[in-house]
file run13.pdb (PDB, C-alpha atoms)
ATOM      1  CA  MET A   1       9.888  21.724  -1.289  1.00  0.00           C
ATOM      2  CA  GLU A   2       8.797  21.225  -4.881  1.00  0.00           C
ATOM      3  CA  LYS A   3       5.182  21.332  -5.972  1.00  0.00           C
ATOM      4  CA  THR A   4       5.384  17.710  -7.110  1.00  0.00           C
ATOM      5  CA  ARG A   5       6.128  16.444  -3.631  1.00  0.00           C
ATOM      6  CA  GLY A   6       3.575  15.833  -0.959  1.00  0.00           C
ATOM      7  CA  PRO A   7       4.128  16.120   2.796  1.00  0.00           C
ATOM      8  CA  GLN A   8       6.118  12.864   3.192  1.00  0.00           C
ATOM      9  CA  GLY A   9       7.955  13.009  -0.114  1.00  0.00           C
ATOM     10  CA  GLY A  10       5.110  11.408  -2.034  1.00  0.00           C
ATOM     11  CA  PHE A  11       3.181  13.042  -4.823  1.00  0.00           C
ATOM     12  CA  SER A  12       1.171  16.213  -4.264  1.00  0.00           C
ATOM     13  CA  ARG A  13      -2.618  16.085  -3.893  1.00  0.00           C
ATOM     14  CA  GLU A  14      -3.007  17.575  -7.365  1.00  0.00           C
ATOM     15  CA  ILE A  15      -0.897  14.882  -9.049  1.00  0.00           C
ATOM     16  CA  THR A  16      -2.689  12.209  -7.002  1.00  0.00           C
ATOM     17  CA  ARG A  17      -6.072  13.619  -8.062  1.00  0.00           C
ATOM     18  CA  ILE A  18      -5.162  13.778 -11.740  1.00  0.00           C
ATOM     19  CA  ALA A  19      -3.566  10.315 -11.743  1.00  0.00           C
ATOM     20  CA  GLY A  20      -6.618   8.917  -9.966  1.00  0.00           C
ATOM     21  CA  GLU A  21      -8.719   9.811 -12.996  1.00  0.00           C
ATOM     22  CA  PHE A  22      -6.730   7.394 -15.191  1.00  0.00           C
ATOM     23  CA  GLU A  23      -7.181   3.650 -15.002  1.00  0.00           C
ATOM     24  CA  GLY A  24      -4.761   2.694 -17.767  1.00  0.00           C
ATOM     25  CA  PRO A  25      -1.060   3.307 -18.288  1.00  0.00           C
ATOM     26  CA  LEU A  26       0.306   6.436 -16.668  1.00  0.00           C
ATOM     27  CA  ALA A  27       3.518   8.442 -16.866  1.00  0.00           C
ATOM     28  CA  VAL A  28       4.465  11.091 -14.328  1.00  0.00           C
ATOM     29  CA  ALA A  29       7.358  13.410 -15.180  1.00  0.00           C
ATOM     30  CA  ILE A  30       9.191  15.289 -12.460  1.00  0.00           C
ATOM     31  CA  THR A  31      11.536  17.974 -13.786  1.00  0.00           C
ATOM     32  CA  ARG A  32      14.636  18.616 -11.747  1.00  0.00           C
ATOM     33  CA  GLY A  33      18.305  19.214 -12.213  1.00  0.00           C
ATOM     34  CA  LYS A  34      19.465  20.134 -15.696  1.00  0.00           C
ATOM     35  CA  LEU A  35      15.962  19.740 -17.157  1.00  0.00           C
ATOM     36  CA  ALA A  36      14.238  22.031 -14.636  1.00  0.00           C
ATOM     37  CA  SER A  37      14.579  25.083 -16.852  1.00  0.00           C
ATOM     38  CA  GLY A  38      12.856  23.390 -19.770  1.00  0.00           C
ATOM     39  CA  ASN A  39      15.524  24.669 -22.152  1.00  0.00           C
ATOM     40  CA  GLU A  40      18.112  21.909 -21.885  1.00  0.00           C
ATOM     41  CA  PRO A  41      18.190  18.819 -24.112  1.00  0.00           C
ATOM     42  CA  ILE A  42      18.099  15.327 -22.646  1.00  0.00           C
ATOM     43  CA  ARG A  43      21.635  14.093 -23.203  1.00  0.00           C
ATOM     44  CA  ARG A  44      21.896  11.133 -20.828  1.00  0.00           C
ATOM     45  CA  ILE A  45      19.147   8.781 -19.671  1.00  0.00           C
ATOM     46  CA  LEU A  46      19.399   6.177 -16.895  1.00  0.00           C
ATOM     47  CA  ILE A  47      16.966   3.259 -17.015  1.00  0.00           C
ATOM     48  CA  PRO A  48      16.968   0.851 -14.061  1.00  0.00           C
ATOM     49  CA  VAL A  49      15.909  -2.626 -15.243  1.00  0.00           C
ATOM     50  CA  ASN A  50      15.082  -5.842 -13.435  1.00  0.00           C
ATOM     51  CA  GLY A  51      13.598  -8.177 -16.026  1.00  0.00           C
ATOM     52  CA  THR A  52       9.938  -7.421 -15.313  1.00  0.00           C
ATOM     53  CA  ASP A  53       7.446  -6.336 -17.966  1.00  0.00           C
ATOM     54  CA  VAL A  54       7.104  -3.005 -16.143  1.00  0.00           C
ATOM     55  CA  SER A  55      10.819  -2.232 -16.367  1.00  0.00           C
ATOM     56  CA  ARG A  56      10.911  -3.402 -19.990  1.00  0.00           C
ATOM     57  CA  ARG A  57       8.099  -0.995 -20.951  1.00  0.00           C
ATOM     58  CA  ALA A  58       9.933   1.808 -19.142  1.00  0.00           C
ATOM     59  CA  ALA A  59      13.042   0.890 -21.146  1.00  0.00           C
ATOM     60  CA  GLU A  60      11.029   1.116 -24.375  1.00  0.00           C
ATOM     61  CA  THR A  61       9.819   4.566 -23.302  1.00  0.00           C
ATOM     62  CA  GLY A  62      13.377   5.643 -22.491  1.00  0.00           C
ATOM     63  CA  PHE A  63      14.682   4.328 -25.818  1.00  0.00           C
ATOM     64  CA  THR A  64      11.947   6.199 -27.677  1.00  0.00           C
ATOM     65  CA  LEU A  65      12.944   9.423 -25.916  1.00  0.00           C
ATOM     66  CA  ALA A  66      16.611   8.729 -26.571  1.00  0.00           C
ATOM     67  CA  ARG A  67      16.033   8.162 -30.249  1.00  0.00           C
ATOM     68  CA  ALA A  68      14.037  11.397 -30.583  1.00  0.00           C
ATOM     69  CA  ALA A  69      16.589  13.457 -28.635  1.00  0.00           C
ATOM     70  CA  GLY A  70      19.786  11.714 -29.729  1.00  0.00           C
ATOM     71  CA  SER A  71      20.465  10.830 -26.094  1.00  0.00           C
ATOM     72  CA  ARG A  72      22.785   8.220 -24.659  1.00  0.00           C
ATOM     73  CA  VAL A  73      21.199   5.568 -22.469  1.00  0.00           C
ATOM     74  CA  SER A  74      22.490   3.455 -19.608  1.00  0.00           C
ATOM     75  CA  ALA A  75      20.616   0.436 -18.320  1.00  0.00           C
ATOM     76  CA  LEU A  76      21.298  -0.348 -14.668  1.00  0.00           C
ATOM     77  CA  TYR A  77      20.541  -3.801 -13.291  1.00  0.00           C
ATOM     78  CA  VAL A  78      20.624  -4.070  -9.513  1.00  0.00           C
ATOM     79  CA  ALA A  79      20.960  -7.610  -8.210  1.00  0.00           C
ATOM     80  CA  SER A  80      19.683  -8.052  -4.695  1.00  0.00           C
ATOM     81  CA  GLY A  81      22.861  -9.977  -4.288  1.00  0.00           C
ATOM     82  CA  ARG A  82      22.908 -12.511  -1.592  1.00  0.00           C
ATOM     83  CA  SER A  83      20.757 -14.762   0.489  1.00  0.00           C
ATOM     84  CA  ASP A  84      21.184 -14.888   4.272  1.00  0.00           C
ATOM     85  CA  GLY A  85      23.659 -17.743   3.847  1.00  0.00           C
ATOM     86  CA  GLU A  86      25.693 -15.701   1.396  1.00  0.00           C
ATOM     87  CA  ARG A  87      25.773 -12.729   3.758  1.00  0.00           C
ATOM     88  CA  ARG A  88      27.359 -15.006   6.325  1.00  0.00           C
ATOM     89  CA  GLY A  89      30.003 -15.906   3.755  1.00  0.00           C
ATOM     90  CA  ARG A  90      28.935 -19.524   3.232  1.00  0.00           C
ATOM     91  CA  ILE A  91      27.756 -19.378  -0.380  1.00  0.00           C
ATOM     92  CA  ARG A  92      28.975 -17.376  -3.344  1.00  0.00           C
ATOM     93  CA  ARG A  93      26.686 -15.918  -5.983  1.00  0.00           C
ATOM     94  CA  GLY A  94      25.691 -18.752  -8.236  1.00  0.00           C
ATOM     95  CA  ALA A  95      26.078 -19.199 -11.936  1.00  0.00           C
ATOM     96  CA  ALA A  96      22.297 -19.273 -12.377  1.00  0.00           C
ATOM     97  CA  MET A  97      22.009 -15.803 -10.836  1.00  0.00           C
ATOM     98  CA  ARG A  98      24.748 -14.454 -13.081  1.00  0.00           C
ATOM     99  CA  ARG A  99      23.095 -16.000 -16.148  1.00  0.00           C
ATOM    100  CA  ASN A 100      19.805 -14.316 -15.225  1.00  0.00           C
ATOM    101  CA  GLU A 101      21.489 -10.930 -14.819  1.00  0.00           C
ATOM    102  CA  GLU A 102      23.244 -11.335 -18.161  1.00  0.00           C
ATOM    103  CA  ALA A 103      19.992 -12.431 -19.852  1.00  0.00           C
ATOM    104  CA  VAL A 104      18.133  -9.357 -18.603  1.00  0.00           C
ATOM    105  CA  LEU A 105      20.884  -7.015 -19.785  1.00  0.00           C
ATOM    106  CA  LYS A 106      21.128  -8.813 -23.154  1.00  0.00           C
ATOM    107  CA  ASP A 107      17.348  -8.494 -23.615  1.00  0.00           C
ATOM    108  CA  ILE A 108      17.561  -4.757 -22.902  1.00  0.00           C
ATOM    109  CA  ALA A 109      20.542  -4.404 -25.266  1.00  0.00           C
ATOM    110  CA  ASP A 110      18.577  -6.170 -28.022  1.00  0.00           C
ATOM    111  CA  LEU A 111      15.634  -3.862 -27.361  1.00  0.00           C
ATOM    112  CA  ALA A 112      17.918  -0.805 -27.544  1.00  0.00           C
ATOM    113  CA  ASP A 113      19.193  -2.023 -30.921  1.00  0.00           C
ATOM    114  CA  ARG A 114      15.624  -2.126 -32.243  1.00  0.00           C
ATOM    115  CA  TYR A 115      15.206   1.523 -31.231  1.00  0.00           C
ATOM    116  CA  ASP A 116      18.650   2.520 -32.538  1.00  0.00           C
ATOM    117  CA  ALA A 117      19.552   3.681 -29.035  1.00  0.00           C
ATOM    118  CA  ARG A 118      23.173   3.919 -27.913  1.00  0.00           C
ATOM    119  CA  LEU A 119      23.294   1.777 -24.756  1.00  0.00           C
ATOM    120  CA  ARG A 120      25.732   1.210 -21.930  1.00  0.00           C
ATOM    121  CA  THR A 121      24.897  -1.435 -19.329  1.00  0.00           C
ATOM    122  CA  ALA A 122      25.885  -1.613 -15.688  1.00  0.00           C
ATOM    123  CA  LEU A 123      25.382  -4.151 -12.926  1.00  0.00           C
ATOM    124  CA  ARG A 124      25.383  -3.410  -9.199  1.00  0.00           C
ATOM    125  CA  VAL A 125      25.301  -6.244  -6.689  1.00  0.00           C
ATOM    126  CA  ASP A 126      24.340  -6.420  -3.045  1.00  0.00           C
ATOM    127  CA  VAL A 127      23.022  -2.882  -2.674  1.00  0.00           C
ATOM    128  CA  ALA A 128      19.484  -1.574  -2.246  1.00  0.00           C
ATOM    129  CA  ALA A 129      17.992  -0.690  -5.635  1.00  0.00           C
ATOM    130  CA  GLU A 130      17.174   2.900  -4.674  1.00  0.00           C
ATOM    131  CA  ASP A 131      20.687   3.476  -3.341  1.00  0.00           C
ATOM    132  CA  ALA A 132      22.245   2.114  -6.541  1.00  0.00           C
ATOM    133  CA  ILE A 133      19.928   4.237  -8.709  1.00  0.00           C
ATOM    134  CA  LEU A 134      20.592   7.411  -6.726  1.00  0.00           C
ATOM    135  CA  LYS A 135      24.352   6.873  -6.704  1.00  0.00           C
ATOM    136  CA  GLU A 136      24.468   6.109 -10.443  1.00  0.00           C
ATOM    137  CA  ALA A 137      22.231   9.084 -11.310  1.00  0.00           C
ATOM    138  CA  GLU A 138      24.532  11.434  -9.419  1.00  0.00           C
ATOM    139  CA  ARG A 139      27.823   9.833 -10.429  1.00  0.00           C
ATOM    140  CA  GLY A 140      26.932   9.560 -14.114  1.00  0.00           C
ATOM    141  CA  GLY A 141      25.574  13.071 -14.557  1.00  0.00           C
ATOM    142  CA  TYR A 142      22.271  11.851 -15.985  1.00  0.00           C
ATOM    143  CA  ASP A 143      19.597  14.272 -17.104  1.00  0.00           C
ATOM    144  CA  LEU A 144      16.704  11.821 -16.687  1.00  0.00           C
ATOM    145  CA  VAL A 145      15.896   8.606 -14.846  1.00  0.00           C
ATOM    146  CA  VAL A 146      13.140   6.529 -16.485  1.00  0.00           C
ATOM    147  CA  LEU A 147      11.702   4.158 -13.917  1.00  0.00           C
ATOM    148  CA  GLY A 148       9.111   1.432 -14.455  1.00  0.00           C
ATOM    149  CA  VAL A 149       6.677   1.313 -11.536  1.00  0.00           C
ATOM    150  CA  THR A 150       3.403  -0.260 -10.464  1.00  0.00           C
ATOM    151  CA  ARG A 151       0.583   1.724  -8.908  1.00  0.00           C
ATOM    152  CA  ARG A 152      -0.394   0.566  -5.453  1.00  0.00           C
ATOM    153  CA  PRO A 153      -3.991   0.753  -4.230  1.00  0.00           C
ATOM    154  CA  GLY A 154      -4.960   3.575  -1.903  1.00  0.00           C
ATOM    155  CA  ASP A 155      -6.222   7.126  -1.695  1.00  0.00           C
ATOM    156  CA  THR A 156      -2.868   8.633  -2.622  1.00  0.00           C
ATOM    157  CA  LEU A 157      -0.667   7.919  -5.631  1.00  0.00           C
ATOM    158  CA  PHE A 158       1.908   5.435  -4.397  1.00  0.00           C
ATOM    159  CA  LEU A 159       4.278   3.656  -6.766  1.00  0.00           C
ATOM    160  CA  GLY A 160       6.172   1.538  -4.245  1.00  0.00           C
ATOM    161  CA  ASN A 161       8.858   2.086  -1.634  1.00  0.00           C
ATOM    162  CA  MET A 162      11.749   2.156  -4.097  1.00  0.00           C
ATOM    163  CA  ALA A 163      10.012   4.750  -6.292  1.00  0.00           C
ATOM    164  CA  ALA A 164       9.142   6.821  -3.205  1.00  0.00           C
ATOM    165  CA  ALA A 165      12.788   6.795  -2.101  1.00  0.00           C
ATOM    166  CA  VAL A 166      13.957   7.861  -5.558  1.00  0.00           C
ATOM    167  CA  LEU A 167      11.303  10.604  -5.683  1.00  0.00           C
ATOM    168  CA  GLU A 168      12.348  11.877  -2.265  1.00  0.00           C
ATOM    169  CA  ARG A 169      16.119  11.834  -2.740  1.00  0.00           C
ATOM    170  CA  CYS A 170      16.914  12.136  -6.456  1.00  0.00           C
ATOM    171  CA  ASN A 171      18.077  15.495  -7.833  1.00  0.00           C
ATOM    172  CA  THR A 172      17.714  14.338 -11.434  1.00  0.00           C
ATOM    173  CA  ALA A 173      14.535  14.595 -13.513  1.00  0.00           C
ATOM    174  CA  ILE A 174      12.444  11.408 -13.236  1.00  0.00           C
ATOM    175  CA  LEU A 175       9.897   9.818 -15.529  1.00  0.00           C
ATOM    176  CA  PHE A 176       7.783   7.232 -13.728  1.00  0.00           C
ATOM    177  CA  VAL A 177       6.152   4.825 -16.203  1.00  0.00           C
ATOM    178  CA  ALA A 178       3.247   2.806 -14.784  1.00  0.00           C
ATOM    179  CA  SER A 179       1.816   0.379 -17.294  1.00  0.00           C
TER     180      SER A 179
END
call {"tool": "encode", "arguments": {"input": "run13.pdb", "output": "structure tokens"}}
result
Amino acid sequence: MEKTRGPQGGFSREITRIAGEFEGPLAVAITRGKLASGNEPIRRILIPVNGTDVSRRAAETGFTLARAAGSRVSALYVASGRSDGERRGRIRRGAAMRRNEEAVLKDIADLADRYDARLRTALRVDVAAEDAILKEAERGGYDLVVLGVTRRPGDTLFLGNMAAAVLERCNTAILFVAS
């Protein structure tokens, strides 16, 4: 078990203690995979996006890193997919949902242009966000996942269930950006 992980896959007591001393924006980097040695460049960055301000700020952070390192970036949008009616086969995904997905990815592409970042976009539908992120990180051979998160109240550093699942199961380096 890595020093960054606590007993249930969360953050260690030391990271929780240090993070607890900050009230403002916070970034927590977990080195794994190709970046664990500290000698490898960041060649490929995966940034999950969902249209929130938190994911947009994480994208800006990822684009800044990509520009500095000459990295390629992929933005992954995971659509929750379907309502209960859709799961029963009664309703297909609507045009409004598709327009929203396209708008989020276009906004991220415009942002990448401002940072001179080379961007590829991907859309996954009807899959849990953490599963899509983990599968894409492994399949795409990414060096780093930059994930926008929100701190949750409590005695331990908790960034949400999706972030906890990614922390527990991802073999790629992760940068959590809480703003």
call {"tool": "resolve_selection", "arguments": {"input": "run13.pdb", "expression": "the PyMOL selection byres ((chain A and resi 13-30) around 6)", "output": "list in words"}}
result
Ser12, Thr31, Thr156, Leu157, Ala173, Ile174, Leu175, Phe176, Val177, Ala178 and Ser179 of chain A
call {"tool": "closest_residue", "arguments": {"input": "run13.pdb", "among": "A:Leu119, A:Cys170, A:Ala137, A:Leu105", "to": "Val49 in chain A", "atoms": "only C-alpha atoms"}}
result
A:Leu105
call {"tool": "atom_distance", "arguments": {"input": "run13.pdb", "atom1": "CA of Gly94 in chain A", "atom2": "CA of Asp107 in chain A"}}
result
20.3 Å
call {"tool": "closest_residue", "arguments": {"input": "run13.pdb", "among": "A:Ala117, A:Ile45, A:Leu123, A:Ala103", "to": "Tyr142 in chain A", "atoms": "only C-alpha atoms"}}
result
A:Ile45
call {"tool": "atom_distance", "arguments": {"input": "run13.pdb", "atom1": "CA of Pro48 in chain A", "atom2": "CA of Gly154 in chain A"}}
result
25.2 Å
call {"tool": "atom_distance", "arguments": {"input": "run13.pdb", "atom1": "CA of Val78 in chain A", "atom2": "CA of Ala129 in chain A"}}
result
5.8 Å
call {"tool": "closest_residue", "arguments": {"input": "run13.pdb", "among": "A:Asp113, A:Phe63, A:Asp131, A:Gly51", "to": "Ala165 in chain A", "atoms": "only C-alpha atoms"}}
result
A:Asp131
call {"tool": "resolve_selection", "arguments": {"input": "run13.pdb", "expression": "the PyMOL selection byres ((chain A and resi 56-59) around 7)", "output": "JSON, numbers by chain"}}
result
{"A": [47, 49, 51, 52, 53, 54, 55, 60, 61, 62, 63, 146, 147, 148, 177]}
call {"tool": "axis_aligned_box", "arguments": {"input": "run13.pdb", "around": "range 158-166 of chain A", "padding_each_side": "4 Å", "output": "AutoDock Vina command-line options"}}
result
--center_x 7.9 --center_y 4.7 --center_z -4.2 --size_x 20.0 --size_y 14.3 --size_z 13.1
call {"tool": "resolve_selection", "arguments": {"input": "run13.pdb", "expression": "the PyMOL selection byres ((chain A and resi 102) around 12)", "output": "mmCIF file with C-alpha atoms, in the frame of the given file"}}
result
data_model
loop_
_atom_site.group_PDB
_atom_site.id
_atom_site.type_symbol
_atom_site.label_atom_id
_atom_site.label_comp_id
_atom_site.auth_asym_id
_atom_site.auth_seq_id
_atom_site.Cartn_x
_atom_site.Cartn_y
_atom_site.Cartn_z
ATOM 1 C CA VAL A 49 15.909 -2.626 -15.243
ATOM 2 C CA ASN A 50 15.082 -5.842 -13.435
ATOM 3 C CA GLY A 51 13.598 -8.177 -16.026
ATOM 4 C CA LEU A 76 21.298 -0.348 -14.668
ATOM 5 C CA TYR A 77 20.541 -3.801 -13.291
ATOM 6 C CA VAL A 78 20.624 -4.070 -9.513
ATOM 7 C CA ALA A 79 20.960 -7.610 -8.210
ATOM 8 C CA ALA A 95 26.078 -19.199 -11.936
ATOM 9 C CA ALA A 96 22.297 -19.273 -12.377
ATOM 10 C CA MET A 97 22.009 -15.803 -10.836
ATOM 11 C CA ARG A 98 24.748 -14.454 -13.081
ATOM 12 C CA ARG A 99 23.095 -16.000 -16.148
ATOM 13 C CA ASN A 100 19.805 -14.316 -15.225
ATOM 14 C CA GLU A 101 21.489 -10.930 -14.819
ATOM 15 C CA ALA A 103 19.992 -12.431 -19.852
ATOM 16 C CA VAL A 104 18.133 -9.357 -18.603
ATOM 17 C CA LEU A 105 20.884 -7.015 -19.785
ATOM 18 C CA LYS A 106 21.128 -8.813 -23.154
ATOM 19 C CA ASP A 107 17.348 -8.494 -23.615
ATOM 20 C CA ILE A 108 17.561 -4.757 -22.902
ATOM 21 C CA ALA A 109 20.542 -4.404 -25.266
ATOM 22 C CA THR A 121 24.897 -1.435 -19.329
ATOM 23 C CA ALA A 122 25.885 -1.613 -15.688
ATOM 24 C CA LEU A 123 25.382 -4.151 -12.926
#
call {"tool": "closest_residue", "arguments": {"input": "run13.pdb", "among": "A:Leu35, A:Ile42, A:Ala75, A:Ala68", "to": "Arg124 in chain A", "atoms": "all atoms listed in the file"}}
result
A:Ala75
call {"tool": "residues_around", "arguments": {"input": "run13.pdb", "residues": "Gly33 in chain A", "least_positions_apart": "6", "cutoff": "8 Å", "atoms": "all atoms listed in the file", "output": "CSV table (one decimal) with C-alpha atoms, keeping the file's coordinate frame"}}
result
chain,number,residue,atom,x,y,z
A,143,ASP,CA,19.6,14.3,-17.1
A,171,ASN,CA,18.1,15.5,-7.8
A,172,THR,CA,17.7,14.3,-11.4
A,173,ALA,CA,14.5,14.6,-13.5
call {"tool": "closest_residue", "arguments": {"input": "run13.pdb", "among": "A:Ile133, A:Val125, A:Ala66, A:Leu144", "to": "Ala163 in chain A", "atoms": "all atoms listed in the file"}}
result
A:Ile133
